[in-house]
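File shown: data.cif. Contents: mmCIF, C-alpha atoms and all ligand atoms.
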data_protein
loop_
_atom_site.label_atom_id
_atom_site.label_comp_id
_atom_site.auth_asym_id
_atom_site.auth_seq_id
_atom_site.Cartn_x
_atom_site.Cartn_y
_atom_site.Cartn_z
CA MET X 1176 -16.39 31.49 36.93
CA ASP X 1177 -16.01 27.79 37.64
CA ILE X 1178 -19.41 26.92 39.09
CA SER X 1179 -18.40 23.39 40.06
CA SER X 1180 -16.10 24.72 42.79
CA LEU X 1181 -18.59 27.25 44.19
CA SER X 1182 -19.44 26.49 47.83
CA ARG X 1183 -22.35 28.95 48.01
CA PRO X 1184 -25.31 29.72 45.73
CA PHE X 1185 -24.49 31.66 42.56
CA ARG X 1186 -26.24 35.03 42.80
CA LEU X 1187 -27.79 36.50 39.65
CA LEU X 1188 -29.65 39.77 39.48
CA VAL X 1189 -31.72 39.94 36.34
CA THR X 1190 -33.46 43.05 35.06
CA GLY X 1191 -35.55 43.85 32.02
CA GLY X 1192 -39.10 43.58 30.84
CA GLY X 1193 -42.12 45.58 29.86
CA THR X 1194 -42.77 43.35 26.84
CA GLY X 1195 -42.50 39.62 26.14
CA GLY X 1196 -39.52 40.35 23.92
CA HIS X 1197 -37.46 41.52 26.91
CA THR X 1198 -38.98 39.16 29.48
CA TYR X 1199 -38.69 35.69 27.96
CA PRO X 1200 -34.96 35.81 27.08
CA ALA X 1201 -34.26 36.77 30.72
CA LEU X 1202 -36.48 33.96 32.00
CA THR X 1203 -34.85 31.45 29.67
CA ALA X 1204 -31.36 32.50 30.77
CA VAL X 1205 -32.38 32.09 34.43
CA ARG X 1206 -33.74 28.60 33.86
CA THR X 1207 -30.71 27.55 31.80
CA LEU X 1208 -28.32 28.79 34.48
CA GLN X 1209 -30.38 26.98 37.12
CA GLY X 1210 -30.03 23.78 35.09
CA ARG X 1211 -26.26 24.21 34.68
CA LEU X 1212 -25.82 24.76 38.42
CA ALA X 1213 -28.07 21.83 39.34
CA ALA X 1214 -25.97 19.57 37.10
CA VAL X 1215 -22.91 20.25 39.29
CA GLY X 1216 -24.81 20.20 42.61
CA GLY X 1217 -25.01 24.00 42.84
CA THR X 1218 -27.93 26.38 43.34
CA LEU X 1219 -28.99 29.77 42.05
CA ASP X 1220 -30.18 32.75 44.09
CA VAL X 1221 -31.96 35.00 41.68
CA LEU X 1222 -33.66 38.36 42.02
CA TRP X 1223 -35.51 40.14 39.20
CA ILE X 1224 -35.95 43.91 39.04
CA GLY X 1225 -38.84 44.70 36.69
CA THR X 1226 -41.85 46.92 36.12
CA ALA X 1227 -45.03 46.49 38.15
CA ASP X 1228 -47.26 46.41 35.07
CA GLY X 1229 -45.07 44.48 32.61
CA LEU X 1230 -45.31 40.80 31.70
CA GLU X 1231 -42.36 40.06 34.01
CA ALA X 1232 -44.43 41.01 37.07
CA ARG X 1233 -46.57 37.92 36.34
CA VAL X 1234 -43.93 35.65 34.85
CA ALA X 1235 -41.18 35.98 37.48
CA PRO X 1236 -43.28 35.23 40.60
CA ALA X 1237 -45.03 32.38 38.77
CA GLU X 1238 -41.56 30.83 38.30
CA GLY X 1239 -40.68 31.29 41.97
CA ILE X 1240 -38.25 34.12 41.17
CA ALA X 1241 -38.00 36.91 43.78
CA PHE X 1242 -39.26 40.08 42.15
CA GLN X 1243 -38.85 43.78 43.02
CA THR X 1244 -39.74 47.00 41.29
CA VAL X 1245 -37.96 50.37 41.32
CA ALA X 1246 -39.02 53.83 40.15
CA THR X 1247 -38.35 54.10 36.44
CA GLY X 1248 -38.74 56.67 33.73
CA LYS X 1249 -40.35 55.50 30.54
CA ILE X 1250 -38.96 57.56 27.66
CA ARG X 1251 -41.56 58.11 24.93
CA ARG X 1252 -39.56 58.23 21.72
CA SER X 1253 -40.32 60.81 19.05
CA SER X 1254 -38.53 62.16 15.99
CA ASN X 1255 -39.66 65.60 17.16
CA PRO X 1256 -37.20 66.92 19.82
CA LEU X 1257 -39.94 69.09 21.34
CA LYS X 1258 -42.13 66.04 21.90
CA MET X 1259 -39.19 64.30 23.59
CA LEU X 1260 -39.40 67.15 26.10
CA SER X 1261 -43.09 66.54 26.79
CA ALA X 1262 -44.29 66.99 30.37
CA ALA X 1263 -44.70 63.22 30.74
CA ASN X 1264 -41.13 62.55 29.55
CA VAL X 1265 -39.62 65.24 31.76
CA LYS X 1266 -41.55 63.92 34.79
CA ASP X 1267 -40.52 60.35 34.06
CA MET X 1268 -36.87 61.22 33.48
CA ALA X 1269 -36.86 62.92 36.86
CA ARG X 1270 -37.74 59.54 38.41
CA VAL X 1271 -34.59 57.86 37.09
CA PRO X 1272 -32.25 59.06 39.90
CA LEU X 1273 -34.72 57.72 42.49
CA GLY X 1274 -34.81 54.38 40.63
CA VAL X 1275 -31.00 54.24 40.53
CA ALA X 1276 -30.83 54.90 44.29
CA GLN X 1277 -33.39 52.15 44.96
CA ALA X 1278 -31.63 49.73 42.62
CA ARG X 1279 -28.27 50.55 44.21
CA SER X 1280 -29.53 49.61 47.63
CA ILE X 1281 -31.00 46.37 46.23
CA VAL X 1282 -27.72 45.49 44.47
CA ALA X 1283 -25.67 46.35 47.58
CA GLY X 1284 -27.89 44.12 49.72
CA PHE X 1285 -28.14 41.18 47.30
CA ARG X 1286 -24.46 41.27 46.22
CA PRO X 1287 -24.95 39.51 42.88
CA ASP X 1288 -22.06 37.82 41.09
CA VAL X 1289 -23.36 39.41 37.92
CA VAL X 1290 -26.26 41.53 36.65
CA LEU X 1291 -27.99 40.47 33.42
CA ALA X 1292 -30.04 43.20 31.70
CA THR X 1293 -32.28 42.29 28.77
CA GLY X 1294 -33.67 45.71 27.82
CA GLY X 1295 -36.74 47.78 28.51
CA TYR X 1296 -36.55 51.06 30.41
CA VAL X 1297 -36.59 49.30 33.79
CA ALA X 1298 -33.14 47.88 33.02
CA VAL X 1299 -31.53 51.33 33.10
CA PRO X 1300 -31.55 51.99 36.88
CA ALA X 1301 -30.49 48.45 37.74
CA GLY X 1302 -27.74 48.49 35.10
CA LEU X 1303 -26.41 51.82 36.37
CA ALA X 1304 -26.58 50.50 39.94
CA ALA X 1305 -24.44 47.52 38.86
CA ARG X 1306 -21.74 49.88 37.68
CA LEU X 1307 -21.93 51.98 40.87
CA CYS X 1308 -21.54 48.80 42.95
CA ARG X 1309 -18.78 47.46 40.65
CA VAL X 1310 -20.75 44.34 39.79
CA PRO X 1311 -20.15 42.88 36.29
CA LEU X 1312 -22.97 43.79 33.91
CA VAL X 1313 -24.03 41.69 30.91
CA LEU X 1314 -26.47 43.18 28.41
CA HIS X 1315 -28.55 41.08 26.06
CA GLU X 1316 -29.98 42.68 22.93
CA GLN X 1317 -32.71 40.84 21.01
CA THR X 1318 -32.99 43.19 18.06
CA VAL X 1319 -30.47 44.05 15.35
CA ARG X 1320 -29.84 47.57 16.67
CA LEU X 1321 -29.27 48.25 20.37
CA GLY X 1322 -32.49 49.37 22.06
CA LEU X 1323 -32.63 52.62 24.03
CA ALA X 1324 -31.93 51.02 27.43
CA ASN X 1325 -28.96 49.04 26.13
CA ARG X 1326 -27.55 52.11 24.40
CA LYS X 1327 -27.65 53.94 27.75
CA LEU X 1328 -25.95 51.03 29.50
CA ALA X 1329 -23.42 49.98 26.83
CA SER X 1330 -20.55 52.03 28.26
CA SER X 1331 -21.06 50.38 31.69
CA ALA X 1332 -21.31 46.81 30.39
CA THR X 1333 -18.73 44.07 30.84
CA ARG X 1334 -20.13 42.13 27.85
CA ILE X 1335 -22.88 42.83 25.32
CA ALA X 1336 -24.57 39.72 23.97
CA VAL X 1337 -26.31 40.29 20.64
CA SER X 1338 -28.71 38.08 18.74
CA SER X 1339 -27.23 38.21 15.28
CA GLU X 1340 -23.97 38.84 13.45
CA SER X 1341 -25.65 41.67 11.58
CA SER X 1342 -25.62 43.72 14.81
CA LEU X 1343 -21.82 43.82 15.03
CA PRO X 1344 -21.05 46.34 12.25
CA LEU X 1345 -23.75 48.63 13.67
CA LEU X 1346 -22.06 48.92 17.08
CA PRO X 1347 -19.57 51.69 17.89
CA ALA X 1348 -16.01 50.28 17.87
CA GLU X 1349 -15.55 50.55 21.66
CA VAL X 1350 -18.79 48.60 22.21
CA ARG X 1351 -18.08 46.04 19.46
CA GLU X 1352 -14.94 44.80 21.20
CA ARG X 1353 -17.07 43.73 24.19
CA ALA X 1354 -19.84 42.22 22.02
CA VAL X 1355 -20.48 38.52 21.49
CA VAL X 1356 -23.10 36.85 19.29
CA THR X 1357 -25.30 34.49 21.30
CA GLY X 1358 -28.65 34.52 19.49
CA ASN X 1359 -31.95 35.27 21.22
CA PRO X 1360 -32.87 32.63 23.84
CA VAL X 1361 -36.10 30.77 23.16
CA ARG X 1362 -37.98 29.10 26.02
CA LEU X 1363 -37.21 25.40 25.92
CA GLU X 1364 -40.85 24.38 26.17
CA VAL X 1365 -41.70 26.50 23.11
CA LEU X 1366 -39.48 24.17 21.09
CA GLY X 1367 -41.13 21.01 22.43
CA GLY X 1368 -44.85 21.33 21.65
CA HIS X 1369 -47.17 18.57 20.38
CA ALA X 1370 -49.82 19.28 17.77
CA ASP X 1371 -52.24 16.70 19.17
CA LYS X 1372 -52.06 18.24 22.62
CA ALA X 1373 -53.15 21.61 21.17
CA VAL X 1374 -56.35 20.01 19.99
CA GLU X 1375 -56.99 18.80 23.54
CA ALA X 1376 -55.73 21.87 25.41
CA LEU X 1377 -57.85 24.29 23.42
CA ALA X 1378 -60.74 21.83 22.87
CA LEU X 1379 -60.36 22.23 19.11
CA TYR X 1380 -62.78 19.42 18.42
CA GLY X 1381 -64.41 21.27 15.52
CA PHE X 1382 -61.08 21.52 13.70
CA ASP X 1383 -60.85 19.85 10.33
CA ARG X 1384 -57.50 18.03 10.37
CA ARG X 1385 -57.56 17.69 6.58
CA LEU X 1386 -57.05 21.46 6.38
CA PRO X 1387 -53.90 23.38 7.31
CA THR X 1388 -53.94 25.42 10.53
CA VAL X 1389 -53.10 29.12 10.61
CA TYR X 1390 -51.94 30.70 13.88
CA VAL X 1391 -52.50 34.46 13.94
CA THR X 1392 -50.67 36.42 16.66
CA GLY X 1393 -50.14 40.08 17.43
CA GLY X 1394 -47.53 39.54 20.18
CA ALA X 1395 -48.25 39.38 23.89
CA GLN X 1396 -50.45 42.53 23.84
CA GLY X 1397 -52.18 41.76 20.54
CA ALA X 1398 -52.09 44.12 17.56
CA GLN X 1399 -55.03 46.26 16.44
CA GLN X 1400 -53.69 46.38 12.89
CA ILE X 1401 -53.51 42.60 12.55
CA ASN X 1402 -56.92 42.25 14.17
CA GLY X 1403 -58.38 44.65 11.59
CA VAL X 1404 -56.73 43.00 8.57
CA VAL X 1405 -57.74 39.51 9.67
CA ARG X 1406 -61.32 40.66 10.26
CA GLU X 1407 -61.51 41.56 6.54
CA VAL X 1408 -60.60 38.04 5.38
CA LEU X 1409 -61.77 35.80 8.20
CA PRO X 1410 -64.61 34.02 6.34
CA TRP X 1411 -62.27 33.39 3.37
CA LEU X 1412 -59.51 32.15 5.67
CA LEU X 1413 -61.88 29.78 7.47
CA GLY X 1414 -62.95 28.43 4.10
CA HIS X 1415 -59.39 27.15 3.59
CA ALA X 1416 -57.93 26.58 7.05
CA ASN X 1417 -58.43 26.12 10.76
CA VAL X 1418 -57.60 29.38 12.52
CA ILE X 1419 -56.20 29.98 16.00
CA ARG X 1420 -56.25 33.69 16.59
CA GLN X 1421 -54.45 35.36 19.52
CA CYS X 1422 -55.80 38.89 19.59
CA GLY X 1423 -54.53 40.44 22.88
CA PRO X 1424 -56.24 40.23 26.28
CA GLY X 1425 -58.04 43.57 25.79
CA ASN X 1426 -59.65 42.65 22.47
CA VAL X 1427 -61.29 39.31 23.17
CA ASP X 1428 -64.77 40.51 24.06
CA GLU X 1429 -65.20 42.56 20.89
CA LEU X 1430 -63.89 39.80 18.62
CA ARG X 1431 -65.92 37.14 20.39
CA ALA X 1432 -69.07 39.10 19.58
CA ALA X 1433 -68.03 39.14 15.90
CA ALA X 1434 -67.29 35.38 16.02
CA ALA X 1435 -70.86 34.72 17.15
CA ARG X 1436 -72.01 35.96 13.73
CA LEU X 1437 -69.87 33.44 11.78
CA ASP X 1438 -71.46 30.73 9.66
CA PRO X 1439 -71.75 27.76 12.09
CA ALA X 1440 -70.04 25.49 9.54
CA LEU X 1441 -66.94 27.71 9.77
CA ALA X 1442 -67.15 28.63 13.45
CA GLY X 1443 -65.98 25.16 14.55
CA ARG X 1444 -62.63 25.74 12.81
CA TYR X 1445 -62.04 28.96 14.67
CA HIS X 1446 -60.46 29.48 18.07
CA LEU X 1447 -60.12 32.96 19.51
CA THR X 1448 -57.95 33.75 22.53
CA GLY X 1449 -56.49 36.85 24.20
CA PHE X 1450 -53.19 35.30 25.24
CA LEU X 1451 -51.63 31.85 24.92
CA GLY X 1452 -49.79 30.70 28.02
CA ALA X 1453 -48.98 27.03 28.57
CA GLU X 1454 -50.75 26.11 25.32
CA LEU X 1455 -48.42 28.19 23.13
CA PRO X 1456 -45.87 25.43 22.34
CA ASP X 1457 -48.59 23.01 21.25
CA VAL X 1458 -50.27 25.66 19.11
CA LEU X 1459 -46.95 26.44 17.43
CA ALA X 1460 -46.41 22.73 16.80
CA LEU X 1461 -49.87 22.49 15.21
CA ALA X 1462 -49.52 25.64 13.07
CA ASP X 1463 -48.76 25.16 9.37
CA VAL X 1464 -48.61 28.90 8.71
CA VAL X 1465 -48.14 31.79 11.17
CA VAL X 1466 -49.40 35.34 10.59
CA SER X 1467 -47.60 37.61 13.00
CA ARG X 1468 -45.86 40.78 14.09
CA SER X 1469 -42.11 40.47 13.62
CA GLY X 1470 -40.86 41.18 17.14
CA ALA X 1471 -37.47 39.64 17.81
CA GLY X 1472 -38.83 37.05 20.27
CA THR X 1473 -41.43 35.72 17.87
CA LEU X 1474 -38.87 35.59 15.07
CA ALA X 1475 -36.43 33.63 17.20
CA GLU X 1476 -39.17 31.13 18.03
CA LEU X 1477 -40.50 30.73 14.51
CA THR X 1478 -37.05 30.29 12.97
CA ALA X 1479 -35.94 27.83 15.67
CA LEU X 1480 -39.07 25.81 14.89
CA GLY X 1481 -38.91 26.34 11.13
CA LYS X 1482 -42.40 27.78 10.58
CA PRO X 1483 -43.58 29.43 7.36
CA ALA X 1484 -44.68 32.93 8.33
CA VAL X 1485 -46.37 36.00 6.92
CA PHE X 1486 -45.14 39.02 8.89
CA ILE X 1487 -47.04 42.26 9.35
CA PRO X 1488 -44.42 44.36 11.18
CA LEU X 1489 -45.25 47.08 13.67
CA ALA X 1490 -44.53 50.11 11.48
CA THR X 1491 -43.61 52.42 14.34
CA SER X 1492 -41.19 50.17 16.22
CA ALA X 1493 -37.93 52.00 16.89
CA GLY X 1494 -35.99 52.53 13.66
CA ASN X 1495 -38.52 50.30 11.90
CA GLU X 1496 -36.83 47.40 13.57
CA GLN X 1497 -39.70 44.96 13.01
CA ALA X 1498 -39.83 45.79 9.28
CA HIS X 1499 -36.09 45.18 9.08
CA ASN X 1500 -36.47 41.81 10.86
CA ALA X 1501 -39.25 40.73 8.53
CA GLN X 1502 -37.55 41.94 5.36
CA HIS X 1503 -34.32 40.17 6.27
CA LEU X 1504 -36.13 36.80 6.35
CA ALA X 1505 -38.30 37.63 3.33
CA ASP X 1506 -35.21 38.42 1.22
CA ALA X 1507 -33.98 34.89 1.93
CA GLY X 1508 -37.34 33.31 1.06
CA ALA X 1509 -37.70 32.30 4.73
CA ALA X 1510 -40.95 34.28 5.24
CA LEU X 1511 -43.21 36.81 3.55
CA ALA X 1512 -43.26 40.43 4.71
CA LEU X 1513 -46.23 42.76 4.26
CA LEU X 1514 -44.95 46.29 4.78
CA GLY X 1515 -46.68 49.65 4.98
CA GLU X 1516 -50.46 49.86 4.68
CA VAL X 1517 -51.71 46.28 4.73
CA ASN X 1518 -55.25 45.26 3.83
CA GLY X 1519 -57.26 42.05 3.67
CA PRO X 1520 -56.57 41.31 -0.02
CA ALA X 1521 -52.80 41.67 0.55
CA LEU X 1522 -52.98 39.15 3.38
CA GLN X 1523 -55.11 36.82 1.29
CA ASN X 1524 -52.59 37.00 -1.60
CA ALA X 1525 -49.74 36.16 0.75
CA VAL X 1526 -51.39 33.38 2.74
CA GLY X 1527 -53.42 31.77 -0.08
CA PRO X 1528 -50.55 29.99 -1.91
CA LEU X 1529 -49.11 28.74 1.38
CA LEU X 1530 -52.43 27.14 2.28
CA THR X 1531 -52.81 25.28 -0.99
CA ASP X 1532 -49.19 24.26 -1.60
CA PRO X 1533 -47.53 22.09 1.08
CA ALA X 1534 -44.25 22.02 -0.91
CA LEU X 1535 -44.10 25.83 -0.78
CA ARG X 1536 -44.61 25.69 2.99
CA ALA X 1537 -41.93 23.04 3.39
CA ALA X 1538 -39.36 25.03 1.38
CA MET X 1539 -40.05 28.20 3.38
CA ALA X 1540 -39.89 26.26 6.65
CA GLU X 1541 -36.52 24.80 5.72
CA ARG X 1542 -35.07 28.20 4.91
CA ALA X 1543 -36.53 29.69 8.12
CA ARG X 1544 -34.88 26.93 10.19
CA THR X 1545 -31.42 27.95 8.96
CA TYR X 1546 -31.89 31.23 10.88
CA GLY X 1547 -32.87 29.53 14.14
CA ARG X 1548 -30.50 29.44 17.10
CA PRO X 1549 -31.82 26.88 19.57
CA ASP X 1550 -28.53 27.07 21.55
CA ALA X 1551 -28.83 30.81 22.28
CA ALA X 1552 -29.65 30.38 25.98
CA ASP X 1553 -26.58 28.22 26.55
CA ARG X 1554 -24.38 30.72 24.80
CA LEU X 1555 -25.82 33.60 26.84
CA VAL X 1556 -25.23 31.68 30.07
CA ASP X 1557 -21.61 31.11 28.99
CA VAL X 1558 -21.25 34.88 28.66
CA VAL X 1559 -22.90 35.50 32.04
CA LEU X 1560 -20.56 33.03 33.75
CA SER X 1561 -17.45 34.36 32.07
CA ALA X 1562 -18.40 37.92 33.04
CA ALA X 1563 -18.94 36.82 36.64
CA SER X 1564 -15.38 35.64 36.86
CA ALA X 1565 -14.00 38.81 35.30
C1 LIG C 1601 -44.12 46.96 20.51
C2 LIG C 1601 -42.70 46.66 20.81
O1 LIG C 1601 -41.99 47.42 21.43
N1 LIG C 1601 -42.21 45.52 20.31
C3 LIG C 1601 -40.87 45.07 20.62
C4 LIG C 1601 -40.95 44.01 21.67
O2 LIG C 1601 -41.69 42.97 21.08
P1 LIG C 1601 -42.82 42.09 21.79
O3 LIG C 1601 -42.46 41.76 23.16
O4 LIG C 1601 -44.12 42.77 21.54
O5 LIG C 1601 -42.75 40.82 20.83
P2 LIG C 1601 -41.72 39.63 20.73
O6 LIG C 1601 -42.05 38.98 19.44
O7 LIG C 1601 -40.29 40.02 20.90
O8 LIG C 1601 -42.11 38.68 21.96
C5 LIG C 1601 -43.40 38.28 22.20
C6 LIG C 1601 -43.33 37.04 23.05
O9 LIG C 1601 -44.61 36.80 23.62
C7 LIG C 1601 -44.96 35.46 23.36
N2 LIG C 1601 -46.41 35.32 23.33
C8 LIG C 1601 -47.15 36.05 22.46
C9 LIG C 1601 -48.52 35.89 22.42
C10 LIG C 1601 -49.11 34.98 23.31
O10 LIG C 1601 -50.32 34.79 23.33
N3 LIG C 1601 -48.34 34.27 24.16
C11 LIG C 1601 -46.98 34.42 24.21
O11 LIG C 1601 -46.30 33.77 25.00
C12 LIG C 1601 -44.31 35.14 22.03
O12 LIG C 1601 -44.29 33.75 21.82
C13 LIG C 1601 -42.96 35.81 22.23
O13 LIG C 1601 -42.10 35.00 23.00
O14 LIG C 1601 -39.64 43.53 22.00
C14 LIG C 1601 -38.97 42.92 20.90
C15 LIG C 1601 -37.62 42.41 21.39
O15 LIG C 1601 -36.92 43.37 22.07
C16 LIG C 1601 -38.85 43.90 19.71
O16 LIG C 1601 -38.32 43.20 18.60
C17 LIG C 1601 -40.22 44.47 19.37
O17 LIG C 1601 -40.14 45.45 18.34
#
Starting from the file, give its structure as structure tokens.
Ligand SMILES: CC(=O)N[C@H]1[C@@H](OP(=O)(O)OP(=O)(O)OC[C@H]2O[C@@H](n3ccc(=O)[nH]c3=O)[C@H](O)[C@@H]2O)O[C@H](CO)[C@@H](O)[C@@H]1O
Amino acid sequence: MDISSLSRPFRLLVTGGGTGGHTYPALTAVRTLQGRLAAVGGTLDVLWIGTADGLEARVAPAEGIAFQTVATGKIRRSSNPLKMLSAANVKDMARVPLGVAQARSIVAGFRPDVVLATGGYVAVPAGLAARLCRVPLVLHEQTVRLGLANRKLASSATRIAVSSESSLPLLPAEVRERAVVTGNPVRLEVLGGHADKAVEALALYGFDRRLPTVYVTGGAQGAQQINGVVREVLPWLLGHANVIRQCGPGNVDELRAAAARLDPALAGRYHLTGFLGAELPDVLALADVVVSRSGAGTLAELTALGKPAVFIPLATSAGNEQAHNAQHLADAGAALALLGEVNGPALQNAVGPLLTDPALRAAMAERARTYGRPDAADRLVDVVLSAASA
């Protein structure tokens, strides 16, 4: 669609969420499209269909994006077919038709030029409603293999935007011909942080700037496994580095109590937080080494920034997707991956050399950067606009 000749607002319905990994690419696409339209004097009408308890329920309204929920059915995956038929799954699946009916009435009323779905179970009813209303549907997949929601929607999609070339051979032929590689959009502000501002924003006045800084993150919800492994080595780590530790909103109280028992000489180098919002870009800019889960969103950010990372993947993510992500970078020397049962000594062995050898960090950072795709949001918006004109 040629947006410069549009005499009305462009209407985008966006759907997806549950986790940060599904939410932030959608948000970044919305902002990028807004910017493109503003540059030619146009405007965007945008409506987001998400879950009431997902990150998007906070993020979308905070950005001034109209937000609605519909009934959805969360499918709890299991390798055991009997567990797939659990009472909770059966009850939730029964909610899908209601969600589709609700989404259909929203789509019919809003009349979007295009629907963009970024995954998560909430995207299914809105994606199906797009097909029922004959509105072009663009899917975005962050991970190498299509997630459950995108698999359900693939046959209805006009275009399927994927984050890496390695996804293409894994797609069925009839889906592959509609697929295009865009990369995984990274929020613009995440790429523009300032290390000095992190010191101010988090009041890191006890930090020792002669030491490297390690940023530990378990993803938006935090990760019990990473919290446990880091607990084992925290005094050692603080002996060699400043540590910013994002542990998940539900875990702060417990870890704060443990922090109170730290040697006061080390405690000044330690900052504990449940979730990093506006401070995240500055913390990433400050970080010399990142210890993290290997969700697709985090990977896209760390590679775009070129950060040396030690990944501790979520072992149970669908098809071991996080382990695959981490191993892919580790094979290229762009990160380290700790797979399987991970303990404190394993983390210490991985992080230790990176803390003492700046040249090792620089080489890993350089290799990581070659995997970054800072133009992913622009490419995804190109796909959205071309689908709208289809
Ligand atoms: C448990 C689960 O299902 N994980 C999946 C989920 O990842 P999940 O959403 O858990 O993790 P991602 O790495 O994809 O995204 C996390 C996002 O939250 C941000 N963040 C994190 C902490 C914080 O304090 N502040 C903050 O803003 C990160 O910078 C990142 O942008 O979706 C990803 C993309 O589909 C998948 O690859 C993951 O396997």
Could you list, as JSON, numbers by chain, all the residues within 8 Å of ligand LIG 1601 (chain C), counting only C-alpha atoms and all ligand atoms? {"X": [1193, 1194, 1195, 1196, 1197, 1198, 1199, 1294, 1295, 1316, 1317, 1318, 1322, 1361, 1362, 1365, 1392, 1393, 1394, 1395, 1396, 1397, 1421, 1422, 1423, 1448, 1449, 1450, 1451, 1452, 1455, 1468, 1469, 1470, 1471, 1472, 1473, 1474, 1476, 1489, 1492, 1493, 1496, 1497]}
Mind pulling up the distance from atom CA of X:Val1391 to atom CA of X:Ala1507?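 Straight-line distance from atom CA of X:Ala1507 to atom CA of X:Val1391 works out to 22.1 Å.
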Here atom CA of X:Val1485 and atom CA of X:Gly1403 stand apart by 15.5 Å
Which residues are near X:Leu1208? Cut-off 9 Å, all atoms listed in the file, ignore same chain within fewer than 5 positions. Put them as a PyMOL selection string. chain X and resi 1203+1213+1219+1552-1553+1556-1557+1559-1560
Show me, as a PDB file with C-alpha atoms, in the coordinates of the input, the residues that have an atom within 12 Å of X:Glu1349 when counting all atoms listed in the file, minus same-chain residues fewer than 3 positions from it.
ATOM      1  CA  ALA X1329     -23.420  49.980  26.830  1.00  0.00           C
ATOM      2  CA  SER X1330     -20.550  52.030  28.260  1.00  0.00           C
ATOM      3  CA  SER X1331     -21.060  50.380  31.690  1.00  0.00           C
ATOM      4  CA  ALA X1332     -21.310  46.810  30.390  1.00  0.00           C
ATOM      5  CA  THR X1333     -18.730  44.070  30.840  1.00  0.00           C
ATOM      6  CA  ARG X1334     -20.130  42.130  27.850  1.00  0.00           C
ATOM      7  CA  ILE X1335     -22.880  42.830  25.320  1.00  0.00           C
ATOM      8  CA  LEU X1343     -21.820  43.820  15.030  1.00  0.00           C
ATOM      9  CA  PRO X1344     -21.050  46.340  12.250  1.00  0.00           C
ATOM     10  CA  LEU X1345     -23.750  48.630  13.670  1.00  0.00           C
ATOM     11  CA  LEU X1346     -22.060  48.920  17.080  1.00  0.00           C
ATOM     12  CA  GLU X1352     -14.940  44.800  21.200  1.00  0.00           C
ATOM     13  CA  ARG X1353     -17.070  43.730  24.190  1.00  0.00           C
ATOM     14  CA  ALA X1354     -19.840  42.220  22.020  1.00  0.00           C
TER      15      ALA X1354
END
*Residues at most 6 Å from X:Gly1274, counting only C-alpha atoms, excluding those fewer than 6 positions away in the same chain, as a ChimeraX atom specification?*
/X:1245-1247,1300
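Reported to one decimal place, the separation of atom CA of X:Leu1504 from atom CA of X:Pro1549 is 17.1 Å.
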